[in-house]
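A short write-up of the structure that comes next.
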Amino acid sequence: MVHYPSPPAHSPNVEPSSAVPTAQKSDKRRWPTIAALTVLSGALIIVWANPREEQHPESYAKLANYKGQARAAVQIGGEHNIVLAHWSKDREDVVAISLRSGLKDFNDRGARYSRISAGGRTDSTVRHRTEFAPSQLLIKLPVEDRFEDVTVRVEIGGDAWKPGGKAESREIRFSPYGTAYDAKTGKTLPSKLKGEMIVP
């Protein structure tokens with residue numbers, strides 16, 4: 001009976017210590033890639049969640065106080081008026097400015113003449129003496145920065161106003177942080193007048 005030599009325990013020219021399973025080698029190669037992708041994903045989530053953070057010096061505390069709207073209750077031309085500025089919540093960067101005259105009580109018909117204007121946009125109306133003022137005037141103004149104030153000019157003609165006559169006016173500066181100011185004096189304006197009926 002012929003005895004043949006036993007085959008080697010490992011492939012020729014390969015040291016036993018270098019014979020590492022292929023699965024372990026691929027795992028070691030994957031870790032740097034996974035770590036890099038995790039860091040990149042985290043950075044993208046931060047930028048997506050705060051796309052304007054690097055463009056504005058406001059602190060996180062101030063951003064937390066951002067309301068995106070402001071309301072002013074003012075007497076102009078002897079009339080009770082509510083002016084509201086509302087910044088869009090989407091990416092359109094638009095502020096909608098509305099004016100509502102009247103509503104002091106159920107007999108308050110509102111201004112005979114009312115007009116709002118800002119950024120070259122205007123809306124106005126004249127009511128007949130027996131009619132009620134329209135529910136509201138509205139303009140939509142594109143803005144480059146939704147964190148900046150917007151100034152609106154409001155003109156009101158009361159019961160004594162006649163077509164072609166002069167109307168009283170006031171400029172109001174609205175902050176997206178929820179406050180309205182008199183644009184000339186800088187005085188904070190109330191958001192509600194005494195006895196005002198809040199209508200949604």
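Letters A, B, ... go to the chains of the structure tokens in the order shown; residues in each chain start at 1; ligands are counted from 1 in the same order.
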
- Message: If DSSP is run on the backbone, what residues of stretch 58-171 of chain A are strand (DSSP E or B)? A reply as a ChimeraX atom specification would be ideal.
- Response: /A:69-76,79-87,94-101,113-118,121-126,137-142,150-157,168-171

- Message: Can you pull out the residues contacting A:Arg121? Cut-off 9 Å, using only C-alpha atoms, and skip same-chain residues under 6 positions away; I want them as a list in words.
- Response: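 With the cut-off at 9 Å, the set is Ile139, Lys140 and Leu141 of chain A.
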
Take the selection from the previous step and output its residues with C-alpha atoms, as a CSV table (one decimal), in the first residue's frame.
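Wrote out-v8.csv, looks like this:
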chain,number,residue,atom,x,y,z
A,139,ILE,CA,-52.8,93.0,0.2
A,140,LYS,CA,-50.0,90.3,-0.1
A,141,LEU,CA,-46.5,91.6,-0.2

- Message: Taking 3 positions as the minimum chain separation for residues in the same chain, which residues sit within 6 Å of stretch 63-72 of chain A when counting only C-alpha atoms? Answer as a list in words.
- Response: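 The contact residues come out as Tyr60, Ile82, Val83, Leu84, Ala85, His86, Trp87, Pro176, Tyr177, Gly178, Thr179, Ala180, Leu189, Pro190 and Ser191 of chain A.
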
- Identify, on the basis of only C-alpha atoms, every residue whose closest approach to A:Ile76 does not exceed 7 Å; exclude the query and any residue fewer than 4 positions from it along the same chain; express the result as an MDAnalysis selection string. chainID A and resid 80 156 168:169

Please produce an output containing all heavy atoms for each residue in the selection, written as an mmCIF file, in the first residue's frame.
data_model
loop_
_atom_site.group_PDB
_atom_site.id
_atom_site.type_symbol
_atom_site.label_atom_id
_atom_site.label_comp_id
_atom_site.auth_asym_id
_atom_site.auth_seq_id
_atom_site.Cartn_x
_atom_site.Cartn_y
_atom_site.Cartn_z
ATOM 1 N N HIS A 80 -62.682 102.921 14.459
ATOM 2 C CA HIS A 80 -62.044 101.803 15.145
ATOM 3 C C HIS A 80 -61.522 100.852 14.063
ATOM 4 O O HIS A 80 -62.281 100.339 13.259
ATOM 5 C CB HIS A 80 -63.135 101.142 15.989
ATOM 6 C CG HIS A 80 -62.702 99.961 16.785
ATOM 7 N ND1 HIS A 80 -62.265 100.062 18.070
ATOM 8 C CD2 HIS A 80 -62.662 98.648 16.475
ATOM 9 C CE1 HIS A 80 -61.985 98.859 18.544
ATOM 10 N NE2 HIS A 80 -62.219 97.988 17.593
ATOM 11 N N ILE A 156 -57.836 106.425 6.540
ATOM 12 C CA ILE A 156 -59.225 106.225 6.957
ATOM 13 C C ILE A 156 -60.011 107.531 6.845
ATOM 14 O O ILE A 156 -59.561 108.574 7.311
ATOM 15 C CB ILE A 156 -59.300 105.707 8.405
ATOM 16 C CG1 ILE A 156 -58.593 104.355 8.547
ATOM 17 C CG2 ILE A 156 -60.748 105.622 8.883
ATOM 18 C CD1 ILE A 156 -59.253 103.218 7.817
ATOM 19 N N GLU A 168 -57.496 110.862 7.036
ATOM 20 C CA GLU A 168 -56.400 110.770 8.011
ATOM 21 C C GLU A 168 -55.586 109.507 7.726
ATOM 22 O O GLU A 168 -56.131 108.492 7.284
ATOM 23 C CB GLU A 168 -56.954 110.718 9.439
ATOM 24 C CG GLU A 168 -57.505 112.043 9.923
ATOM 25 C CD GLU A 168 -57.848 111.993 11.411
ATOM 26 O OE1 GLU A 168 -57.156 111.264 12.157
ATOM 27 O OE2 GLU A 168 -58.812 112.669 11.797
ATOM 28 N N SER A 169 -54.278 109.590 7.987
ATOM 29 C CA SER A 169 -53.424 108.430 7.713
ATOM 30 C C SER A 169 -52.464 108.168 8.864
ATOM 31 O O SER A 169 -52.205 109.039 9.696
ATOM 32 C CB SER A 169 -52.636 108.651 6.416
ATOM 33 O OG SER A 169 -51.736 109.726 6.569
#

- Who sits within 9 Å of A:Thr151, only C-alpha atoms, same chain under 3 positions skipped, as an NGL selection string: :A and (118-119 or 171-175 or 183)

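Proximity to A:Val152 was assessed for A:Ala111, A:Ala96, A:Ile34, A:Ala167 counting only C-alpha atoms; the smallest distance is recorded for A:Ala96.
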
- Message: For a quick check of understanding, using only C-alpha atoms, which of A:Glu79, A:Gly102, A:Ala73, A:Ser117 has the smallest distance to A:Val150?
- Response: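 Selected residue with least distance to A:Val150: A:Ser117.
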
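Interatomic distance, atom CA of A:Lys192 to atom CA of A:Trp161: 25.0 Å.
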
- Of the listed residues A:Val74, A:Ala160, A:Val143, A:Ile97, that which approaches A:Thr122 most closely, counting only C-alpha atoms: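 Of A:Val74, A:Ala160, A:Val143, A:Ile97, the one nearest A:Thr122, counting only C-alpha atoms, is A:Ile97.
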
- Item | 12 Å contact set for A:Gly165, only C-alpha atoms, chain neighbours under 5 positions out, as a ChimeraX atom specification | /A:112-113,126,155-160

- Distance in Å - atom CA of A:Gln75 versus atom CA of A:Leu99: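 Atom-to-atom, atom CA of A:Gln75 and atom CA of A:Leu99 are spaced 12.4 Å apart.
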